[in-house]
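Structure, as structure tokens:
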Amino acid sequence: MRRVSKGERARLSLTLNGRKLAGEAEPRMLLSDFLRHVLGATGTHVGCEHGVCGCCTVLLDGTAVRSCLTLAVQAEGRAVTTVESLADGNGKLNALQQAFQNNHALQCGFCTPGILMSFTDFLRRNPNPSEAEVVDVLSGHLCRCTGYTGIVAAVLEAAGEGNKSKS
Amino acid sequence: MKPRPFDYVRPDTVDEAVAILAEHGDDARVLAGGQTLLAMLNLRVIEPAILVDITRIPELGEIREVDGKIEVGAAVTQNTLLAWPALGQKLPLLAAALPFVGHFQTRNKGTVCGSIAHADPASEIPLSLAVLEGEVVLRSRKGTRVLAAGEFQQGMLATARAGDELITAVRFPVVSGGVAFREVARRHGDFAIVGVAALAESKTSIRLGVAGMVERPAVSRIKPDGAAGVREAIERLAWELEGYEDVHASAHMRRDLLRRIGPVVVEEAIRCAA
């Protein structure tokens, strides 16, 4: 049984984007803050901190979750995947990111990391989604710049590219 | 905002979990998906002394069929149940209602039992459990209690769970007949203003559940004679339930929504039964 007392800084290890990392956190530290302030992975953004805006979305063992509604200690021993994992080592965008650029699916970019991670999970489960399905998943994110049209187009384009490369 | 400090404990077994609850009672909060709990902690609406994380207790992660009921363990997420291959055949009402619970991203972590424990009056899963006449399984050091949905959910965010009890599972009966579900919310994924679920055992015998009108799901049996009979029964129900008033809608608007979506849901359930 794992116990961490109030105020105690426990050493937590997890896998971040394929690398084993460790850091210290109190029980009340959110995963979003642990990623940004302890591990220095600032690609994940923090907006509302109550699960509504979606910009802090990361993958936890492959599924898209709100890192602001997850305690750092809950991610102990698990695999966390963030937006930093998407482009390759030389900064070449992956297909989903490239589709966002092609379709002007971002302006200020604040909400983008969360949206990319949601669709990384979703397209893996549903590689050939309808527009309605994309809109449904996108309803879990707020974007104040784009009006969403470009984002929907980008996800559909990325899905099409993914299916082309498979056939 | 950030939560106030608390102790964290992650038991490996149900026995360990109930021992902690026996020690701390109402000062403890059970953490499963945390999709409401963490938001309440971040907003400092609640300040528990200790969180009991039950998500790594293997026996709570199961979905199984027992005696004509589908038992869903306390750590099973809403999306796990939604992706369960037999869902459409065994629990078509849940297959219809679950897509309205929060968003894809919160259903990945939010649990079925967590929605039951939270007992929001407009919530889809408690409404489904009430209409199907399901059960809630509670464990404490003293033993196991099984409560009917109607006994469990007592009021606005209030349940019959004692401080030393852990909800280990909920059981949804597999029923025959047609089902249907609809809700009206400001935006998809928001809490519903009014939700309606129906189970049509036949054209003239319908179990009708309404969420968002009173402090807990209201289930009644209507025996309508044709479409006019359905409208009449729902008109009576709207006045009987009255509806509450909050920032999202007036009682008048809630009655009106029930009048509009109620007959549609009943007709869909009857058609689905045929």
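Please note that chains go A, B, ... in the order of the structure tokens, that every chain numbers its residues from 1, and that ligands are numbered from 1 in the order shown.
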Please provide the set of residues having any atom within 12 Å of A:Gly150, restricted to only C-alpha atoms, with same-chain residues fewer than 4 positions apart removed, written as a count of residues only. 20
Return as a tab-separated table the residues of chain A lying at most 9 Å from chain B, together with the closest atom-to-atom pair for each and the distance in Å to one decimal, counting only C-alpha atoms, with rows in chain order and ascending residue number.
```
residue	atom	partner	partner_atom	distance
A:Met1	CA	B:Pro11	CA	4.7
A:Arg2	CA	B:Arg10	CA	5.0
A:Arg3	CA	B:Val9	CA	4.4
A:Val4	CA	B:Tyr8	CA	5.2
A:Ser5	CA	B:Asp7	CA	4.5
A:Lys6	CA	B:Asp7	CA	4.5
A:Gly7	CA	B:Pro5	CA	6.5
A:Glu8	CA	B:Asp7	CA	8.8
A:Glu26	CA	B:Pro5	CA	8.2
A:Pro27	CA	B:Tyr8	CA	5.9
A:Arg28	CA	B:Pro5	CA	5.8
A:Met29	CA	B:Lys2	CA	7.8
A:Leu30	CA	B:Lys2	CA	7.9
A:Cys48	CA	B:Met1	CA	8.5
A:Glu49	CA	B:Met1	CA	6.6
A:His50	CA	B:Ala39	CA	4.5
A:Gly51	CA	B:Ala39	CA	6.7
A:Gly54	CA	B:Gln105	CA	8.2
A:Thr57	CA	B:Gln105	CA	7.7
A:Thr63	CA	B:Asn108	CA	6.6
A:Ala64	CA	B:Gln105	CA	5.6
A:Val65	CA	B:Gln105	CA	5.2
A:Arg66	CA	B:Gln105	CA	6.8
A:Cys68	CA	B:Leu38	CA	8.0
A:Leu69	CA	B:Leu38	CA	5.2
A:Thr70	CA	B:Leu38	CA	7.1
A:Leu71	CA	B:Leu38	CA	8.2
A:Val73	CA	B:Tyr8	CA	8.5
A:Gln74	CA	B:Asp53	CA	8.1
A:Ser118	CA	B:Gln105	CA	7.0
A:Phe122	CA	B:Phe104	CA	8.7
A:Asp136	CA	B:Phe104	CA	7.9
A:Val137	CA	B:Phe104	CA	5.8
A:Leu138	CA	B:Phe104	CA	8.7
A:Ser139	CA	B:His103	CA	7.0
A:Gly140	CA	B:His103	CA	5.3
```
Please identify all polymer residues within 9 Å of B:Asp15, counting only C-alpha atoms, omitting same-chain residues fewer than 4 positions from it, and present them as a CSV table (one decimal) with N, CA and C atoms, in the first residue's frame.
```csv
chain,number,residue,atom,x,y,z
B,11,PRO,N,-4.5,1.9,-1.5
B,11,PRO,CA,-4.5,0.5,-1.1
B,11,PRO,C,-4.5,-0.5,-2.3
B,19,ALA,N,-10.6,-0.7,5.5
B,19,ALA,CA,-9.9,-0.5,6.8
B,19,ALA,C,-9.6,1.0,7.0
B,20,ILE,N,-9.1,1.6,5.9
B,20,ILE,CA,-8.8,3.1,6.0
B,20,ILE,C,-10.1,3.9,6.2
B,139,ARG,N,-19.3,-2.0,0.5
B,139,ARG,CA,-18.6,-2.8,1.5
B,139,ARG,C,-18.0,-2.0,2.6
B,140,SER,N,-18.1,-2.5,3.8
B,140,SER,CA,-17.4,-1.9,4.9
B,140,SER,C,-16.8,-3.1,5.7
B,141,ARG,N,-16.1,-2.8,6.8
B,141,ARG,CA,-15.5,-3.8,7.6
B,141,ARG,C,-16.6,-4.7,8.2
```
Within 10 Å of A:Asn94, counting only C-alpha atoms, which residues qualify if same-chain residues fewer than 6 places away don't, as an MDAnalysis selection string? chainID A and resid 85:88 100 158
As a PyMOL selection string, list the residues of stretch 3-167 of chain A assigned to alpha helix (DSSP H) by DSSP on the backbone atoms of this structure. chain A and resi 31-33+95-102+112-125+131-138+149-166
Those same residues, written as a short mmCIF file (atom, residue, chain, number, x, y, z; two decimals), in the first residue's frame with N, CA and C atoms?
```cif
data_model
loop_
_atom_site.label_atom_id
_atom_site.label_comp_id
_atom_site.auth_asym_id
_atom_site.auth_seq_id
_atom_site.Cartn_x
_atom_site.Cartn_y
_atom_site.Cartn_z
N LEU A 31 -0.76 16.58 -11.76
CA LEU A 31 0.15 16.06 -12.78
C LEU A 31 0.60 17.18 -13.73
N SER A 32 -0.31 18.10 -14.05
CA SER A 32 0.04 19.21 -14.94
C SER A 32 1.21 20.03 -14.36
N ASP A 33 1.15 20.30 -13.06
CA ASP A 33 2.22 21.08 -12.42
C ASP A 33 3.51 20.26 -12.30
N ALA A 95 2.28 13.82 -38.72
CA ALA A 95 1.21 14.05 -39.71
C ALA A 95 0.09 14.93 -39.14
N LEU A 96 -0.25 14.70 -37.87
CA LEU A 96 -1.33 15.48 -37.26
C LEU A 96 -0.90 16.94 -37.11
N GLN A 97 0.31 17.16 -36.62
CA GLN A 97 0.80 18.54 -36.47
C GLN A 97 0.90 19.23 -37.83
N GLN A 98 1.38 18.50 -38.84
CA GLN A 98 1.53 19.09 -40.17
C GLN A 98 0.16 19.48 -40.71
N ALA A 99 -0.84 18.63 -40.45
CA ALA A 99 -2.20 18.94 -40.92
C ALA A 99 -2.73 20.19 -40.21
N PHE A 100 -2.38 20.38 -38.92
CA PHE A 100 -2.78 21.60 -38.21
C PHE A 100 -2.16 22.82 -38.89
N GLN A 101 -0.88 22.71 -39.27
CA GLN A 101 -0.24 23.84 -39.95
C GLN A 101 -0.91 24.10 -41.31
N ASN A 102 -1.14 23.03 -42.05
CA ASN A 102 -1.73 23.18 -43.39
C ASN A 102 -3.10 23.85 -43.35
N THR A 112 -3.57 24.21 -28.31
CA THR A 112 -3.18 23.20 -29.29
C THR A 112 -2.56 21.92 -28.69
N PRO A 113 -1.66 22.01 -27.69
CA PRO A 113 -1.07 20.77 -27.18
C PRO A 113 -2.12 19.76 -26.69
N GLY A 114 -3.14 20.26 -26.01
CA GLY A 114 -4.18 19.37 -25.50
C GLY A 114 -4.98 18.75 -26.64
N ILE A 115 -5.30 19.57 -27.63
CA ILE A 115 -6.10 19.06 -28.75
C ILE A 115 -5.31 18.00 -29.51
N LEU A 116 -4.02 18.24 -29.72
CA LEU A 116 -3.18 17.26 -30.42
C LEU A 116 -3.17 15.93 -29.65
N MET A 117 -3.08 16.00 -28.33
CA MET A 117 -3.00 14.75 -27.56
C MET A 117 -4.34 14.02 -27.57
N SER A 118 -5.46 14.76 -27.50
CA SER A 118 -6.77 14.10 -27.58
C SER A 118 -6.90 13.33 -28.88
N PHE A 119 -6.51 13.97 -29.99
CA PHE A 119 -6.69 13.30 -31.27
C PHE A 119 -5.62 12.25 -31.54
N THR A 120 -4.49 12.33 -30.85
CA THR A 120 -3.52 11.25 -30.95
C THR A 120 -4.15 9.95 -30.42
N ASP A 121 -4.82 10.07 -29.27
CA ASP A 121 -5.53 8.91 -28.71
C ASP A 121 -6.71 8.52 -29.61
N PHE A 122 -7.52 9.51 -29.96
CA PHE A 122 -8.76 9.20 -30.68
C PHE A 122 -8.50 8.57 -32.06
N LEU A 123 -7.53 9.11 -32.82
CA LEU A 123 -7.28 8.57 -34.16
C LEU A 123 -6.68 7.16 -34.11
N ARG A 124 -6.02 6.85 -33.01
CA ARG A 124 -5.50 5.50 -32.85
C ARG A 124 -6.68 4.51 -32.69
N ARG A 125 -7.70 4.95 -31.95
CA ARG A 125 -8.86 4.07 -31.75
C ARG A 125 -9.79 4.07 -32.94
N GLU A 131 -16.96 13.49 -39.62
CA GLU A 131 -16.83 14.86 -39.14
C GLU A 131 -17.54 15.02 -37.79
N ALA A 132 -18.70 14.37 -37.66
CA ALA A 132 -19.47 14.49 -36.41
C ALA A 132 -18.68 13.91 -35.24
N GLU A 133 -17.98 12.82 -35.47
CA GLU A 133 -17.19 12.21 -34.39
C GLU A 133 -16.03 13.11 -33.98
N VAL A 134 -15.42 13.77 -34.97
CA VAL A 134 -14.33 14.70 -34.67
C VAL A 134 -14.86 15.88 -33.84
N VAL A 135 -16.01 16.40 -34.25
CA VAL A 135 -16.61 17.53 -33.52
C VAL A 135 -16.93 17.12 -32.09
N ASP A 136 -17.41 15.89 -31.91
CA ASP A 136 -17.76 15.41 -30.58
C ASP A 136 -16.53 15.39 -29.67
N VAL A 137 -15.41 14.87 -30.16
CA VAL A 137 -14.19 14.84 -29.35
C VAL A 137 -13.68 16.26 -29.10
N LEU A 138 -13.79 17.10 -30.12
CA LEU A 138 -13.33 18.49 -30.00
C LEU A 138 -14.16 19.28 -28.99
N THR A 149 -13.21 25.41 -37.13
CA THR A 149 -13.37 24.85 -38.47
C THR A 149 -12.04 24.27 -38.99
N GLY A 150 -10.96 25.04 -38.80
CA GLY A 150 -9.65 24.57 -39.26
C GLY A 150 -9.19 23.33 -38.52
N ILE A 151 -9.55 23.24 -37.24
CA ILE A 151 -9.13 22.08 -36.44
C ILE A 151 -9.82 20.81 -36.96
N VAL A 152 -11.12 20.93 -37.24
CA VAL A 152 -11.86 19.77 -37.77
C VAL A 152 -11.26 19.35 -39.11
N ALA A 153 -10.98 20.32 -39.96
CA ALA A 153 -10.40 20.00 -41.28
C ALA A 153 -9.04 19.33 -41.12
N ALA A 154 -8.24 19.82 -40.17
CA ALA A 154 -6.90 19.26 -39.96
C ALA A 154 -6.97 17.81 -39.50
N VAL A 155 -7.88 17.53 -38.56
CA VAL A 155 -7.98 16.16 -38.05
C VAL A 155 -8.44 15.22 -39.16
N LEU A 156 -9.40 15.68 -39.96
CA LEU A 156 -9.89 14.83 -41.06
C LEU A 156 -8.77 14.62 -42.09
N GLU A 157 -7.97 15.65 -42.33
CA GLU A 157 -6.86 15.50 -43.28
C GLU A 157 -5.82 14.50 -42.73
N ALA A 158 -5.50 14.65 -41.44
CA ALA A 158 -4.51 13.73 -40.84
C ALA A 158 -5.02 12.29 -40.88
N ALA A 159 -6.33 12.10 -40.64
CA ALA A 159 -6.89 10.75 -40.69
C ALA A 159 -6.77 10.21 -42.11
N GLY A 160 -7.06 11.04 -43.09
CA GLY A 160 -6.95 10.63 -44.50
C GLY A 160 -5.52 10.26 -44.85
N GLU A 161 -4.54 11.06 -44.39
CA GLU A 161 -3.13 10.77 -44.64
C GLU A 161 -2.74 9.44 -44.02
N GLY A 162 -3.19 9.23 -42.78
CA GLY A 162 -2.87 7.99 -42.06
C GLY A 162 -3.40 6.78 -42.81
N ASN A 163 -4.62 6.92 -43.34
CA ASN A 163 -5.21 5.78 -44.04
C ASN A 163 -4.52 5.53 -45.37
N LYS A 164 -4.08 6.64 -46.03
CA LYS A 164 -3.38 6.49 -47.31
C LYS A 164 -2.07 5.73 -47.11
N SER A 165 -1.32 6.12 -46.04
CA SER A 165 -0.01 5.50 -45.86
C SER A 165 -0.13 4.02 -45.47
N LYS A 166 -1.31 3.64 -44.95
CA LYS A 166 -1.49 2.23 -44.57
C LYS A 166 -1.82 1.36 -45.78
#
```
Contacts of B:Glu268 within 9 Å, only C-alpha atoms, excl. fewer than 5 positions in-chain, as an mmCIF file with N, CA and C atoms, in the first residue's frame:
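What landed in part39.cif:
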```cif
data_model
loop_
_atom_site.group_PDB
_atom_site.id
_atom_site.type_symbol
_atom_site.label_atom_id
_atom_site.label_comp_id
_atom_site.auth_asym_id
_atom_site.auth_seq_id
_atom_site.Cartn_x
_atom_site.Cartn_y
_atom_site.Cartn_z
ATOM 1 N N GLY B 178 -37.932 -2.111 -25.171
ATOM 2 C CA GLY B 178 -37.236 -1.052 -25.897
ATOM 3 C C GLY B 178 -36.789 0.046 -24.963
ATOM 4 N N VAL B 179 -35.654 0.659 -25.274
ATOM 5 C CA VAL B 179 -35.170 1.758 -24.442
ATOM 6 C C VAL B 179 -34.851 2.982 -25.299
ATOM 7 N N ALA B 180 -34.873 4.122 -24.668
ATOM 8 C CA ALA B 180 -34.476 5.354 -25.353
ATOM 9 C C ALA B 180 -34.017 6.368 -24.333
ATOM 10 N N PHE B 181 -33.173 7.291 -24.787
ATOM 11 C CA PHE B 181 -32.627 8.315 -23.894
ATOM 12 C C PHE B 181 -32.440 9.614 -24.675
ATOM 13 N N ALA B 198 -36.396 6.034 -21.012
ATOM 14 C CA ALA B 198 -37.606 5.210 -20.944
ATOM 15 C C ALA B 198 -37.282 3.763 -21.258
ATOM 16 N N PRO B 263 -42.409 12.821 -24.638
ATOM 17 C CA PRO B 263 -43.149 12.003 -25.594
ATOM 18 C C PRO B 263 -42.261 11.413 -26.697
ATOM 19 N N ALA B 273 -39.012 -1.286 -28.970
ATOM 20 C CA ALA B 273 -39.512 -2.544 -28.384
ATOM 21 C C ALA B 273 -40.172 -3.416 -29.456
#
```
Show which residues sit within 9 Å of stretch 121-130 of chain B, as a ChimeraX atom specification. Count only C-alpha atoms, and ignore same-chain residues fewer than 5 positions away. /B:93-94,97-98,100-101,112-113,115-116,135,148-150,153,155-157,170-173,181,183,191-198,209-219
Using C-alpha atoms, can you export the residues from the last selection as a PDB file, in the first residue's frame?
```
ATOM      1  CA  LEU B  93     -29.856   2.229 -22.373  1.00  0.00           C
ATOM      2  CA  LEU B  94     -26.273   2.744 -21.180  1.00  0.00           C
ATOM      3  CA  ALA B  97     -26.750   7.537 -22.397  1.00  0.00           C
ATOM      4  CA  LEU B  98     -22.980   7.194 -21.835  1.00  0.00           C
ATOM      5  CA  PHE B 100     -23.638  12.264 -23.048  1.00  0.00           C
ATOM      6  CA  VAL B 101     -21.540  11.880 -19.884  1.00  0.00           C
ATOM      7  CA  VAL B 112     -19.370   4.620 -13.711  1.00  0.00           C
ATOM      8  CA  CYS B 113     -19.545   4.161  -9.934  1.00  0.00           C
ATOM      9  CA  SER B 115     -21.160   9.174 -11.128  1.00  0.00           C
ATOM     10  CA  ILE B 116     -23.407   7.073  -8.899  1.00  0.00           C
ATOM     11  CA  GLU B 135     -28.366  -1.941  -7.329  1.00  0.00           C
ATOM     12  CA  ALA B 148     -31.684  -0.596  -4.676  1.00  0.00           C
ATOM     13  CA  ALA B 149     -30.956   2.516  -6.761  1.00  0.00           C
ATOM     14  CA  GLY B 150     -33.971   4.292  -5.268  1.00  0.00           C
ATOM     15  CA  GLN B 153     -29.711   8.030  -4.026  1.00  0.00           C
ATOM     16  CA  GLY B 155     -31.283  13.684  -2.615  1.00  0.00           C
ATOM     17  CA  MET B 156     -29.162  16.381  -4.195  1.00  0.00           C
ATOM     18  CA  LEU B 157     -25.594  14.966  -4.038  1.00  0.00           C
ATOM     19  CA  VAL B 170     -23.094  -1.196  -9.367  1.00  0.00           C
ATOM     20  CA  ARG B 171     -25.376  -3.751 -10.997  1.00  0.00           C
ATOM     21  CA  PHE B 172     -27.504  -2.979 -14.043  1.00  0.00           C
ATOM     22  CA  PRO B 173     -30.219  -5.575 -14.739  1.00  0.00           C
ATOM     23  CA  PHE B 181     -32.627   8.315 -23.894  1.00  0.00           C
ATOM     24  CA  GLU B 183     -31.306  15.114 -22.806  1.00  0.00           C
ATOM     25  CA  PHE B 191     -24.633  18.795 -17.260  1.00  0.00           C
ATOM     26  CA  ALA B 192     -28.116  18.165 -18.602  1.00  0.00           C
ATOM     27  CA  ILE B 193     -30.898  20.589 -17.795  1.00  0.00           C
ATOM     28  CA  VAL B 194     -33.439  17.802 -18.234  1.00  0.00           C
ATOM     29  CA  GLY B 195     -32.758  14.181 -19.181  1.00  0.00           C
ATOM     30  CA  VAL B 196     -35.346  11.500 -19.968  1.00  0.00           C
ATOM     31  CA  ALA B 197     -34.887   7.734 -20.170  1.00  0.00           C
ATOM     32  CA  ALA B 198     -37.606   5.210 -20.944  1.00  0.00           C
ATOM     33  CA  GLY B 209     -37.185   8.211 -15.680  1.00  0.00           C
ATOM     34  CA  VAL B 210     -36.643  11.943 -15.496  1.00  0.00           C
ATOM     35  CA  ALA B 211     -33.448  13.694 -14.377  1.00  0.00           C
ATOM     36  CA  GLY B 212     -32.999  17.367 -13.624  1.00  0.00           C
ATOM     37  CA  MET B 213     -36.543  18.053 -12.385  1.00  0.00           C
ATOM     38  CA  VAL B 214     -36.264  17.110  -8.719  1.00  0.00           C
ATOM     39  CA  GLU B 215     -33.345  16.364  -6.397  1.00  0.00           C
ATOM     40  CA  ARG B 216     -32.880  12.806  -7.679  1.00  0.00           C
ATOM     41  CA  PRO B 217     -33.977  10.720 -10.669  1.00  0.00           C
ATOM     42  CA  ALA B 218     -37.786  10.386 -10.674  1.00  0.00           C
ATOM     43  CA  VAL B 219     -39.018   7.062 -11.991  1.00  0.00           C
TER      44      VAL B 219
END
```
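Every protein or nucleic acid residue with an atom no more than 7 Å from A:Ala25, counting only C-alpha atoms and leaving out same-chain residues fewer than 5 positions away, appears here: Arg9, Ala10 and Arg11 of chain A.
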Would you mind exporting N, CA and C atoms of the selected residues as a PDB file, in the first residue's frame?
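Generated output (result29.pdb):
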```
ATOM      1  N   ARG A   9       7.179  15.307   0.650  1.00  0.00           N
ATOM      2  CA  ARG A   9       7.544  15.287  -0.765  1.00  0.00           C
ATOM      3  C   ARG A   9       8.028  13.888  -1.114  1.00  0.00           C
ATOM      4  N   ALA A  10       7.192  13.175  -1.845  1.00  0.00           N
ATOM      5  CA  ALA A  10       7.533  11.792  -2.184  1.00  0.00           C
ATOM      6  C   ALA A  10       8.270  11.769  -3.519  1.00  0.00           C
ATOM      7  N   ARG A  11       9.200  10.821  -3.640  1.00  0.00           N
ATOM      8  CA  ARG A  11       9.901  10.671  -4.905  1.00  0.00           C
ATOM      9  C   ARG A  11       9.045   9.802  -5.829  1.00  0.00           C
TER      10      ARG A  11
END
```
I'd like to know which of A:His45, A:Arg78, A:Lys92, A:His141 is closest to A:Gly18, using only C-alpha atoms.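 Closest residue, counting only C-alpha atoms: A:Arg78.
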Check the DSSP output for the backbone and give back, as an NGL selection string, the residues of stretch 68-192 of chain B in strand (DSSP E). :B and (69-73 or 135-140 or 143-148 or 153-155 or 158-159 or 166-173 or 178-184)
Okay, now the selection with N, CA and C atoms, as a JSON list (two decimals), in the first residue's frame?
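Done, and the output landed in again.json:
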```
[["chain", "number", "residue", "atom", "x", "y", "z"],
["B", 69, "LYS", "N", -27.57, -9.74, -14.27],
["B", 69, "LYS", "CA", -27.21, -8.33, -14.07],
["B", 69, "LYS", "C", -25.78, -8.12, -14.51],
["B", 70, "ILE", "N", -25.51, -6.92, -15.02],
["B", 70, "ILE", "CA", -24.14, -6.58, -15.38],
["B", 70, "ILE", "C", -23.54, -5.81, -14.21],
["B", 71, "GLU", "N", -22.51, -6.40, -13.63],
["B", 71, "GLU", "CA", -21.86, -5.77, -12.48],
["B", 71, "GLU", "C", -20.62, -5.02, -12.95],
["B", 72, "VAL", "N", -20.60, -3.74, -12.64],
["B", 72, "VAL", "CA", -19.50, -2.87, -13.08],
["B", 72, "VAL", "C", -18.71, -2.43, -11.85],
["B", 73, "GLY", "N", -17.44, -2.78, -11.79],
["B", 73, "GLY", "CA", -16.60, -2.49, -10.63],
["B", 73, "GLY", "C", -16.30, -1.00, -10.49],
["B", 135, "GLU", "N", -28.78, -1.86, -8.73],
["B", 135, "GLU", "CA", -28.37, -1.94, -7.33],
["B", 135, "GLU", "C", -26.97, -1.37, -7.15],
["B", 136, "VAL", "N", -26.69, -0.94, -5.93],
["B", 136, "VAL", "CA", -25.37, -0.44, -5.56],
["B", 136, "VAL", "C", -24.82, -1.36, -4.47],
["B", 137, "VAL", "N", -23.57, -1.82, -4.67],
["B", 137, "VAL", "CA", -22.95, -2.74, -3.71],
["B", 137, "VAL", "C", -21.96, -1.96, -2.85],
["B", 138, "LEU", "N", -22.18, -2.00, -1.53],
["B", 138, "LEU", "CA", -21.35, -1.26, -0.58],
["B", 138, "LEU", "C", -20.64, -2.22, 0.34],
["B", 139, "ARG", "N", -19.33, -1.98, 0.55],
["B", 139, "ARG", "CA", -18.58, -2.84, 1.47],
["B", 139, "ARG", "C", -18.00, -2.00, 2.60],
["B", 140, "SER", "N", -18.07, -2.55, 3.79],
["B", 140, "SER", "CA", -17.36, -1.94, 4.92],
["B", 140, "SER", "C", -16.76, -3.10, 5.71],
["B", 143, "GLY", "N", -19.26, -5.74, 6.61],
["B", 143, "GLY", "CA", -19.80, -6.65, 5.61],
["B", 143, "GLY", "C", -20.24, -5.93, 4.37],
["B", 144, "THR", "N", -21.16, -6.59, 3.61],
["B", 144, "THR", "CA", -21.61, -6.05, 2.34],
["B", 144, "THR", "C", -23.08, -5.70, 2.42],
["B", 145, "ARG", "N", -23.45, -4.54, 1.87],
["B", 145, "ARG", "CA", -24.86, -4.16, 1.75],
["B", 145, "ARG", "C", -25.16, -3.97, 0.29],
["B", 146, "VAL", "N", -26.34, -4.39, -0.13],
["B", 146, "VAL", "CA", -26.77, -4.14, -1.50],
["B", 146, "VAL", "C", -28.04, -3.30, -1.43],
["B", 147, "LEU", "N", -27.97, -2.09, -2.00],
["B", 147, "LEU", "CA", -29.13, -1.20, -1.95],
["B", 147, "LEU", "C", -29.72, -1.02, -3.35],
["B", 148, "ALA", "N", -31.03, -0.94, -3.42],
["B", 148, "ALA", "CA", -31.68, -0.60, -4.68],
["B", 148, "ALA", "C", -31.34, 0.85, -5.02],
["B", 153, "GLN", "N", -29.78, 6.59, -3.75],
["B", 153, "GLN", "CA", -29.71, 8.03, -4.03],
["B", 153, "GLN", "C", -30.84, 8.73, -3.30],
["B", 154, "GLN", "N", -30.48, 9.57, -2.31],
["B", 154, "GLN", "CA", -31.51, 10.11, -1.42],
["B", 154, "GLN", "C", -31.88, 11.54, -1.72],
["B", 155, "GLY", "N", -30.96, 12.28, -2.33],
["B", 155, "GLY", "CA", -31.28, 13.68, -2.61],
["B", 155, "GLY", "C", -30.18, 14.31, -3.42],
["B", 158, "ALA", "N", -26.69, 13.57, -2.36],
["B", 158, "ALA", "CA", -26.77, 12.85, -1.08],
["B", 158, "ALA", "C", -27.15, 11.39, -1.32],
["B", 159, "THR", "N", -26.39, 10.50, -0.69],
["B", 159, "THR", "CA", -26.66, 9.07, -0.85],
["B", 159, "THR", "C", -26.70, 8.38, 0.50],
["B", 166, "LEU", "N", -17.40, 1.61, 1.15],
["B", 166, "LEU", "CA", -16.86, 1.79, -0.19],
["B", 166, "LEU", "C", -17.87, 1.21, -1.18],
["B", 167, "ILE", "N", -18.20, 1.99, -2.20],
["B", 167, "ILE", "CA", -19.01, 1.42, -3.29],
["B", 167, "ILE", "C", -18.05, 0.53, -4.09],
["B", 168, "THR", "N", -18.31, -0.77, -4.10],
["B", 168, "THR", "CA", -17.40, -1.66, -4.85],
["B", 168, "THR", "C", -17.90, -1.91, -6.26],
["B", 169, "ALA", "N", -19.22, -1.79, -6.47],
["B", 169, "ALA", "CA", -19.76, -2.06, -7.81],
["B", 169, "ALA", "C", -21.18, -1.53, -7.90],
["B", 170, "VAL", "N", -21.66, -1.39, -9.13],
["B", 170, "VAL", "CA", -23.09, -1.20, -9.37],
["B", 170, "VAL", "C", -23.56, -2.32, -10.29],
["B", 171, "ARG", "N", -24.83, -2.66, -10.17],
["B", 171, "ARG", "CA", -25.38, -3.75, -11.00],
["B", 171, "ARG", "C", -26.55, -3.24, -11.81],
["B", 172, "PHE", "N", -26.43, -3.38, -13.13],
["B", 172, "PHE", "CA", -27.50, -2.98, -14.04],
["B", 172, "PHE", "C", -28.21, -4.24, -14.53],
["B", 173, "PRO", "N", -29.51, -4.40, -14.24],
["B", 173, "PRO", "CA", -30.22, -5.57, -14.74],
["B", 173, "PRO", "C", -30.30, -5.57, -16.26],
["B", 178, "GLY", "N", -37.93, -2.11, -25.17],
["B", 178, "GLY", "CA", -37.24, -1.05, -25.90],
["B", 178, "GLY", "C", -36.79, 0.05, -24.96],
["B", 179, "VAL", "N", -35.65, 0.66, -25.27],
["B", 179, "VAL", "CA", -35.17, 1.76, -24.44],
["B", 179, "VAL", "C", -34.85, 2.98, -25.30],
["B", 180, "ALA", "N", -34.87, 4.12, -24.67],
["B", 180, "ALA", "CA", -34.48, 5.35, -25.35],
["B", 180, "ALA", "C", -34.02, 6.37, -24.33],
["B", 181, "PHE", "N", -33.17, 7.29, -24.79],
["B", 181, "PHE", "CA", -32.63, 8.31, -23.89],
["B", 181, "PHE", "C", -32.44, 9.61, -24.67],
["B", 182, "ARG", "N", -32.78, 10.72, -24.06],
["B", 182, "ARG", "CA", -32.47, 12.03, -24.62],
["B", 182, "ARG", "C", -32.24, 13.02, -23.50],
["B", 183, "GLU", "N", -31.45, 14.05, -23.79],
["B", 183, "GLU", "CA", -31.31, 15.11, -22.81],
["B", 183, "GLU", "C", -31.16, 16.44, -23.52],
["B", 184, "VAL", "N", -31.41, 17.49, -22.77],
["B", 184, "VAL", "CA", -31.18, 18.83, -23.28],
["B", 184, "VAL", "C", -30.15, 19.49, -22.37]]
```
What is the atom CA of B:Leu31-atom CA of B:Lys142 distance in Å, reported with one decimal?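 According to the coordinates, atom CA of B:Leu31 and atom CA of B:Lys142 are separated by 21.4 Å.
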